[in-house]
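Student: Structure file protein.txt (compact mmCIF, C-alpha atoms) is given on the next line.
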```txt
# COMPACT_ATOMS: atom_id res chain seq x y z
CA MET I 1 -13.06 9.20 -3.01
CA SER I 2 -12.03 12.71 -4.15
CA ASN I 3 -11.00 13.44 -0.55
CA LEU I 4 -8.74 10.40 -0.55
CA VAL I 5 -7.21 11.46 -3.87
CA SER I 6 -6.46 14.90 -2.37
CA TYR I 7 -4.90 13.27 0.70
CA LEU I 8 -2.69 11.05 -1.47
CA PHE I 9 -1.10 14.16 -2.93
CA GLU I 10 -1.29 16.32 0.20
CA THR I 11 0.67 13.79 2.30
CA ASN I 12 3.06 12.85 -0.55
CA ALA I 13 1.68 9.30 -0.41
CA LEU I 14 1.50 9.69 -4.20
CA ARG I 15 4.34 11.86 -5.44
CA ILE I 16 4.49 12.96 -9.07
CA CYS I 17 7.80 13.96 -10.63
CA PRO I 18 8.38 17.51 -11.92
CA ASP I 19 8.37 18.07 -15.70
CA ASN I 20 11.01 15.95 -17.47
CA LYS I 21 12.49 14.72 -14.18
CA PRO I 22 11.28 11.15 -13.61
CA PHE I 23 12.28 9.37 -10.42
CA TRP I 24 14.96 6.69 -10.25
CA TYR I 25 13.62 3.44 -8.82
CA THR I 26 15.70 0.87 -6.92
CA SER I 27 15.48 -1.49 -9.90
CA GLY I 28 17.46 0.91 -12.11
CA LYS I 29 14.34 1.87 -14.03
CA ILE I 30 12.70 5.30 -14.02
CA GLY I 31 9.11 6.44 -13.68
CA PRO I 32 6.89 9.46 -13.05
CA TYR I 33 5.57 8.63 -9.58
CA TYR I 34 6.31 7.16 -6.16
CA ILE I 35 3.69 5.59 -3.89
CA ASN I 36 4.05 5.47 -0.09
CA THR I 37 0.47 4.72 0.95
CA HIS I 38 1.37 4.62 4.64
CA PHE I 39 2.00 8.40 4.50
CA LEU I 40 -1.82 8.66 4.70
CA TYR I 41 -1.21 8.18 8.42
CA GLY I 42 -1.02 11.98 8.29
CA SER I 43 2.44 12.78 6.96
CA GLU I 44 5.74 11.16 6.07
CA GLN I 45 7.14 11.94 9.52
CA ASP I 46 4.09 10.50 11.31
CA ALA I 47 4.44 7.32 9.23
CA VAL I 48 8.17 7.02 9.93
CA ASN I 49 7.51 7.48 13.65
CA LEU I 50 5.00 4.61 13.66
CA LEU I 51 7.33 2.30 11.70
CA ASN I 52 10.13 3.09 14.15
CA PHE I 53 7.78 2.35 17.06
CA ILE I 54 6.79 -0.99 15.52
CA ASP I 55 10.44 -1.94 15.01
CA SER I 56 11.30 -1.03 18.59
CA GLU I 57 8.48 -3.22 19.96
CA LYS I 58 8.71 -6.17 17.56
CA GLY I 59 10.56 -8.30 20.10
CA ASN I 60 7.28 -9.14 21.84
CA LYS I 61 4.82 -10.43 19.28
CA GLU I 62 2.10 -11.02 21.85
CA SER I 63 1.92 -7.41 23.08
CA LEU I 64 2.72 -5.61 19.81
CA PRO I 65 -0.77 -5.71 18.20
CA LYS I 66 -2.35 -3.93 21.18
CA LYS I 67 0.44 -1.33 21.26
CA VAL I 68 0.03 -0.64 17.53
CA PHE I 69 -3.74 -0.38 17.95
CA GLU I 70 -3.37 2.09 20.85
CA LYS I 71 -0.94 4.23 18.84
CA THR I 72 -3.15 4.29 15.75
CA PHE I 73 -6.32 4.93 17.76
CA GLU I 74 -4.76 7.91 19.54
CA HIS I 75 -3.62 9.25 16.18
CA TYR I 76 -7.09 8.63 14.72
CA LYS I 77 -8.55 10.88 17.42
CA SER I 78 -6.05 13.69 16.81
CA ASN I 79 -5.14 13.67 13.09
CA GLU I 80 -7.87 14.82 10.72
CA VAL I 81 -6.32 13.33 7.56
CA TYR I 82 -5.83 9.88 9.09
CA LYS I 83 -9.31 9.91 10.67
CA ASN I 84 -10.94 10.79 7.35
CA VAL I 85 -8.95 8.08 5.52
CA ILE I 86 -9.98 5.40 8.04
CA ASP I 87 -13.62 6.56 8.00
CA GLU I 88 -13.62 6.46 4.20
CA MET I 89 -12.14 2.94 4.25
CA ILE I 90 -14.83 1.75 6.66
CA THR I 91 -17.60 3.25 4.52
CA PHE I 92 -16.07 1.58 1.45
CA ILE I 93 -15.88 -1.82 3.18
CA LYS I 94 -19.52 -1.56 4.35
CA GLU I 95 -20.64 -0.66 0.83
CA ASN I 96 -18.87 -3.64 -0.75
CA ILE I 97 -18.99 -6.44 1.81
CA ASP I 98 -21.73 -7.78 4.08
CA ILE I 99 -20.08 -7.03 7.43
CA ASP I 100 -21.95 -9.88 9.12
CA GLU I 101 -20.10 -12.35 6.88
CA ILE I 102 -16.67 -11.23 8.09
CA ASP I 103 -15.35 -13.36 10.96
CA TYR I 104 -11.85 -11.87 11.25
CA ILE I 105 -9.75 -9.04 9.84
CA SER I 106 -6.07 -9.66 9.11
CA GLY I 107 -3.10 -7.41 8.41
CA GLY I 108 0.48 -8.24 7.46
CA GLU I 109 3.79 -6.88 8.74
CA ARG I 110 4.22 -3.85 8.80
CA ARG I 111 2.39 -1.28 6.71
CA ASP I 112 -0.94 -3.11 6.71
CA TRP I 113 -1.11 -2.47 10.46
CA PHE I 114 -1.47 1.28 9.84
CA PHE I 115 -5.01 0.40 8.72
CA SER I 116 -6.01 -3.15 9.73
CA ASN I 117 -5.78 -2.90 13.53
CA ILE I 118 -7.96 0.17 13.93
CA ILE I 119 -10.46 -0.98 11.27
CA ALA I 120 -10.85 -4.31 13.09
CA ASN I 121 -11.64 -2.39 16.27
CA LEU I 122 -14.08 0.02 14.64
CA LEU I 123 -15.89 -2.86 12.91
CA SER I 124 -15.86 -4.94 16.12
CA LYS I 125 -14.02 -7.83 14.46
CA PRO I 126 -11.16 -9.84 15.98
CA HIS I 127 -7.77 -9.22 14.37
CA ILE I 128 -5.09 -11.56 13.01
CA THR I 129 -1.62 -10.02 13.07
CA ILE I 130 0.58 -11.80 10.51
CA TYR I 131 4.37 -11.54 10.69
CA LYS I 132 6.77 -12.00 7.79
CA ASP I 133 7.90 -15.33 9.24
CA LEU I 134 4.23 -16.48 9.01
CA SER I 135 3.75 -16.55 12.77
CA MET I 136 0.51 -14.95 13.96
CA THR I 137 -1.07 -13.28 16.97
CA ILE I 138 -4.86 -13.31 17.21
CA ASN I 139 -6.79 -10.87 19.42
CA ASP I 140 -10.34 -9.76 20.08
CA SER I 141 -11.42 -6.44 18.54
CA ASN I 142 -10.25 -4.46 21.60
CA PHE I 143 -6.86 -6.23 21.58
CA GLU I 144 -7.46 -7.26 25.19
CA LYS I 145 -7.80 -11.04 24.91
CA PRO I 146 -5.85 -13.55 22.83
CA ILE I 147 -7.88 -15.97 20.72
CA ASP I 148 -6.82 -19.58 20.29
CA LYS I 149 -5.92 -20.59 16.74
CA SER I 150 -8.23 -23.59 16.96
CA GLU I 151 -11.22 -21.21 16.92
CA LEU I 152 -10.51 -20.12 13.34
CA LYS I 153 -11.57 -23.31 11.59
CA ASN I 154 -13.59 -22.33 8.46
CA ALA I 155 -13.45 -18.63 9.38
CA LYS I 156 -13.92 -16.02 6.63
CA VAL I 157 -11.23 -13.37 6.71
CA LEU I 158 -10.97 -9.85 5.29
CA HIS I 159 -7.34 -8.84 4.72
CA VAL I 160 -6.77 -5.09 4.95
CA ALA I 161 -3.62 -3.70 3.32
CA ASP I 162 -2.15 -0.39 2.30
CA LEU I 163 -1.25 -1.35 -1.26
CA ILE I 164 -1.40 -4.15 -3.81
CA THR I 165 1.08 -4.40 -6.67
CA GLU I 166 1.61 -7.94 -7.97
CA ALA I 167 0.17 -9.63 -4.83
CA SER I 168 3.53 -11.27 -4.04
CA SER I 169 3.13 -10.77 -0.26
CA TYR I 170 -0.33 -12.33 -0.40
CA LEU I 171 0.85 -15.38 -2.34
CA ARG I 172 4.08 -15.83 -0.36
CA ALA I 173 2.83 -15.10 3.14
CA TRP I 174 -0.66 -13.84 3.96
CA ILE I 175 -2.74 -16.46 2.12
CA PRO I 176 -0.68 -19.50 3.31
CA ALA I 177 -0.63 -18.17 6.90
CA ILE I 178 -4.42 -17.87 7.05
CA LYS I 179 -4.87 -21.27 5.34
CA SER I 180 -2.66 -22.85 8.01
CA LEU I 181 -5.34 -21.88 10.55
CA GLY I 182 -8.03 -23.71 8.56
CA ALA I 183 -9.45 -20.30 7.61
CA GLN I 184 -9.63 -18.46 4.28
CA ILE I 185 -9.07 -14.93 3.05
CA VAL I 186 -12.33 -14.23 1.21
CA TRP I 187 -11.87 -10.49 0.64
CA SER I 188 -8.96 -8.08 0.32
CA THR I 189 -9.39 -4.34 0.75
CA VAL I 190 -6.52 -1.98 -0.06
CA VAL I 191 -6.20 1.78 -0.17
CA VAL I 192 -4.32 1.72 -3.48
CA ASP I 193 -4.09 -0.79 -6.33
CA ARG I 194 -1.08 -0.12 -8.57
CA MET I 195 -2.86 -2.05 -11.34
CA GLN I 196 0.03 -4.42 -11.94
CA GLY I 197 -1.86 -7.70 -11.95
CA GLY I 198 -2.37 -8.26 -8.21
CA LYS I 199 -6.17 -8.13 -8.38
CA GLU I 200 -6.24 -10.83 -11.07
CA LYS I 201 -3.90 -13.07 -9.06
CA LEU I 202 -6.10 -12.76 -5.98
CA GLU I 203 -9.20 -13.55 -7.98
CA LYS I 204 -7.54 -16.80 -9.15
CA GLU I 205 -7.27 -17.62 -5.42
CA ASN I 206 -11.03 -16.95 -5.07
CA ILE I 207 -10.39 -13.71 -3.17
CA LYS I 208 -12.54 -10.67 -3.97
CA SER I 209 -10.06 -7.82 -4.46
CA LEU I 210 -11.35 -4.34 -3.58
CA SER I 211 -9.40 -1.09 -3.86
CA ILE I 212 -10.47 2.46 -3.08
CA VAL I 213 -8.03 4.12 -5.49
CA ASN I 214 -6.63 2.63 -8.70
CA ILE I 215 -3.43 4.05 -10.17
CA ASP I 216 -4.78 4.45 -13.69
CA GLU I 217 -5.65 7.01 -16.31
CA SER I 218 -8.83 8.13 -14.55
CA LEU I 219 -6.84 9.00 -11.41
CA PHE I 220 -4.34 11.03 -13.44
CA LYS I 221 -7.22 12.84 -15.19
CA LYS I 222 -8.74 13.62 -11.81
CA ALA I 223 -5.37 15.03 -10.66
CA LEU I 224 -5.26 17.18 -13.81
CA ASP I 225 -8.81 18.45 -13.22
CA MET I 226 -7.88 19.27 -9.61
CA ASN I 227 -4.80 21.22 -10.84
CA ILE I 228 -2.53 18.86 -8.92
CA VAL I 229 -0.57 18.07 -12.10
CA ASN I 230 -0.10 20.05 -15.31
CA LYS I 231 -0.70 18.87 -18.90
CA ASN I 232 2.90 17.72 -19.45
CA GLN I 233 2.92 15.69 -16.25
CA TYR I 234 -0.48 14.22 -17.15
CA GLU I 235 0.74 13.12 -20.60
CA MET I 236 3.78 11.37 -19.10
CA LEU I 237 1.62 9.64 -16.47
CA LYS I 238 -0.92 8.52 -19.06
CA ASN I 239 1.73 7.20 -21.44
CA PHE I 240 3.59 5.48 -18.60
CA TYR I 241 0.38 3.74 -17.52
CA GLU I 242 -0.22 2.49 -21.07
CA ASN I 243 3.37 1.38 -21.74
CA PRO I 244 5.93 2.08 -19.00
CA ASP I 245 9.09 0.75 -20.66
CA GLU I 246 8.46 2.31 -24.06
CA THR I 247 7.52 5.66 -22.50
CA MET I 248 10.68 5.83 -20.42
CA ARG I 249 12.86 4.55 -23.28
CA ASN I 250 11.55 7.36 -25.51
CA PHE I 251 12.17 9.86 -22.72
CA LEU I 252 15.81 8.77 -22.37
CA ILE I 253 16.33 8.98 -26.15
CA ASP I 254 14.79 12.47 -26.24
CA HIS I 255 16.73 13.62 -23.15
CA PRO I 256 20.25 12.11 -23.36
CA GLU I 257 21.46 14.58 -20.73
CA PHE I 258 19.19 12.94 -18.11
CA LEU I 259 21.27 9.77 -17.94
CA LYS I 260 24.55 11.71 -18.08
CA ASN I 261 23.47 13.99 -15.22
CA ALA I 262 22.33 11.02 -13.15
CA LEU I 263 25.73 9.34 -13.45
CA GLU I 264 27.32 12.54 -12.11
CA SER I 265 24.75 12.96 -9.32
CA ASP I 266 24.68 11.68 -5.71
CA GLU I 267 25.80 8.13 -4.98
CA LYS I 268 22.30 6.59 -4.80
CA THR I 269 21.15 8.12 -8.10
CA ALA I 270 24.44 7.30 -9.85
CA SER I 271 24.29 3.64 -8.75
CA ARG I 272 20.72 3.31 -10.07
CA ALA I 273 21.69 4.94 -13.38
CA LYS I 274 24.66 2.58 -13.65
CA LEU I 275 22.33 -0.36 -13.02
CA CYS I 276 20.14 0.88 -15.86
CA ILE I 277 23.09 1.09 -18.27
CA ASP I 278 24.88 -2.11 -17.19
CA ASN I 279 21.71 -4.18 -17.59
CA ASN I 280 20.56 -2.26 -20.69
CA LEU I 281 17.09 -2.02 -19.11
CA TYR I 282 15.70 0.15 -21.90
CA ASN I 283 17.51 -1.41 -24.86
CA LEU I 284 19.17 1.87 -25.74
```
Written as structure tokens, how would this file's structure read?
Tutor:
Amino acid sequence: MSNLVSYLFETNALRICPDNKPFWYTSGKIGPYYINTHFLYGSEQDAVNLLNFIDSEKGNKESLPKKVFEKTFEHYKSNEVYKNVIDEMITFIKENIDIDEIDYISGGERRDWFFSNIIANLLSKPHITIYKDLSMTINDSNFEKPIDKSELKNAKVLHVADLITEASSYLRAWIPAIKSLGAQIVWSTVVVDRMQGGKEKLEKENIKSLSIVNIDESLFKKALDMNIVNKNQYEMLKNFYENPDETMRNFLIDHPEFLKNALESDEKTASRAKLCIDNNLYNL
């Protein structure tokens, strides 16, 4: 687990803001970290390259899963960070789930495929590729043969994902898609749980939710102990975890120049700052 924590920071998959410089989020709110779990593919550029490849091949849903598997498997053999992440995920799955009970592994468009395709192969389980429009492609573990949907009646499925936040993708797409096959997602394994209620929502659906890393106080303490963050950064992270809105409201009151500077910054930052003010997101 400590290796995975190091990799989160090393690849910028988890990026912490400098002292007194929280990030602007798309919503118009601010916070002390960004998460891009798919950067664990080795680096931001490696991850962008794979996303671009997926987008360029998405026109053929039948051949895409095999192409993604081949890409990720080649990368697994050549990139130490990605190989160690996948190996750690497999160890974690084996420690928490009886592998013999898993009939299929599923992954949803697009970032889940960074992890689900290769894990299905390495665990010798057939894979269900789920698209955002709820269509699916089902293949054997080597991505050589298609499997007919009729074979999935009563199948137990492990869904592998990069990240869980509020489980909205699960509830909107992944769970209904698998149910439409007469199968059921029984387990979910993610690299990172943002601890924003997703686990609880999955458990209400009778899905066992497993995460390797939780974005919580213990992770921030570990980052402090590893000298990845300093004391000031740690305090902001801890306070944000306990009460995000109040922590950021207090920051804006204590640092009035932050909002002023944002409004005079680049177009993207200025528009997010304006959103914050126009909607009075922090009741200032």
Student: I want to know what sits within 8 Å of Glu109 of chain I, based on all atoms listed in the file, with residues of the same chain fewer than 5 positions away left out; could you give that as a count of residues only?
Tutor: 4
Student: Would you mind reading off the distance between atom CA of Phe143 of chain I and atom CA of Phe114 of chain I, one decimal, in Å?
Tutor: 14.9 Å
Student: Rounded to one decimal in Å, what is the spacing between atom CA of Lys29 of chain I and atom CA of Tyr241 of chain I?
Tutor: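 Taking atom CA of Lys29 of chain I as the start and atom CA of Tyr241 of chain I as the end point, the length is 14.5 Å.
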Student: Mind giving me the straight-line distance from atom CA of Arg172 of chain I to atom CA of Ile105 of chain I in Å, one decimal?
Tutor: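 Computing it gives 18.5 Å between the two atoms.
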Student: Using all atoms listed in the file, which residue out of I:Arg249, I:His255, I:Lys58, I:Lys260 lies closest to Leu284 of chain I?
Tutor: I:Arg249
Student: Need to verify the contact set: segment 190-198 of chain I, 7 Å, all atoms listed in the file, exclusion of same-chain residues closer than 4 positions in sequence. Can you return it as a ChimeraX atom specification?
Tutor: /I:160-167,202,210-215
Student: Counting all atoms listed in the file, what is within 10 Å of Tyr41 of chain I, bar same-chain residues fewer than 4 positions away, as a VMD selection string?
Tutor: chain I and resid 7 11 13 37 45 to 48 50 72 75 to 76 79 to 83 85 to 86 114 to 115
Student: Write out, as a CSV table (one decimal), keeping the file's coordinate frame, the residues just selected, with C-alpha atoms.
Tutor:
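Result written to again_0.csv:
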```csv
chain,number,residue,atom,x,y,z
I,7,TYR,CA,-4.9,13.3,0.7
I,11,THR,CA,0.7,13.8,2.3
I,13,ALA,CA,1.7,9.3,-0.4
I,37,THR,CA,0.5,4.7,1.0
I,45,GLN,CA,7.1,11.9,9.5
I,46,ASP,CA,4.1,10.5,11.3
I,47,ALA,CA,4.4,7.3,9.2
I,48,VAL,CA,8.2,7.0,9.9
I,50,LEU,CA,5.0,4.6,13.7
I,72,THR,CA,-3.2,4.3,15.8
I,75,HIS,CA,-3.6,9.2,16.2
I,76,TYR,CA,-7.1,8.6,14.7
I,79,ASN,CA,-5.1,13.7,13.1
I,80,GLU,CA,-7.9,14.8,10.7
I,81,VAL,CA,-6.3,13.3,7.6
I,82,TYR,CA,-5.8,9.9,9.1
I,83,LYS,CA,-9.3,9.9,10.7
I,85,VAL,CA,-9.0,8.1,5.5
I,86,ILE,CA,-10.0,5.4,8.0
I,114,PHE,CA,-1.5,1.3,9.8
I,115,PHE,CA,-5.0,0.4,8.7
```
Student: Would you place a box with edges along x, y and z of the file around all atoms of segment 30-43 of chain I listed there, add 6 Å to each of its six sides, and report the centre and edge lengths in Å to one decimal, as AutoDock Vina command-line options?
Tutor:
```
--center_x 5.4 --center_y 8.7 --center_z -2.8 --size_x 26.5 --size_y 20.2 --size_z 34.4
```
Student: Leaving out segment 225-236 of chain I and any residue of its chain fewer than 6 positions from it, which residues lie within 12 Å of it when counting only C-alpha atoms, given as a VMD selection string?
Tutor: chain I and resid 2 to 3 5 to 10 12 14 to 22 30 to 33 216 to 219 242 to 248 250 to 251
Student: Counting all atoms listed in the file, which residues come within 8 Å of (-13.8, -10.7, -1.5), with the point read in the file's coordinates, and could you list them as number ranges by chain?
Tutor: I: 97, 158, 185-188, 206-210
Student: Write out as a list in words the residues lying within 12 Å of Met136 of chain I, counting only C-alpha atoms and excluding same-chain residues fewer than 5 positions away.
Tutor: Asn60, Lys61, Glu62, Ser63, Leu64, Pro65, Ser106, Gly107, Gly108, Glu109, His127, Ile128, Thr129, Ile130, Tyr131, Pro146, Ile147, Asp148, Lys149, Ala173, Trp174, Pro176, Ala177, Ile178, Lys179, Ser180 and Leu181 of chain I
Student: I need the residue nearest Asn279 of chain I from this list: I:Lys238, I:Ala183, I:Ser27, I:Ser141. Use only C-alpha atoms for the distance.
Tutor: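 Closest to Asn279 of chain I, using only C-alpha atoms: I:Ser27.
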Student: Pick out the closest residue to Leu281 of chain I from this set: I:Gly28, I:Ser124, I:Glu88, I:Thr189. Count all atoms listed in the file.
Tutor: I:Gly28
Student: Taking only C-alpha atoms into account, name the residue in I:Asp133, I:Gly42, I:Leu4, I:Glu264 that is nearest to Ser78 of chain I.
Tutor: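 Ranked by minimum distance to Ser78 of chain I, first place goes to I:Gly42.
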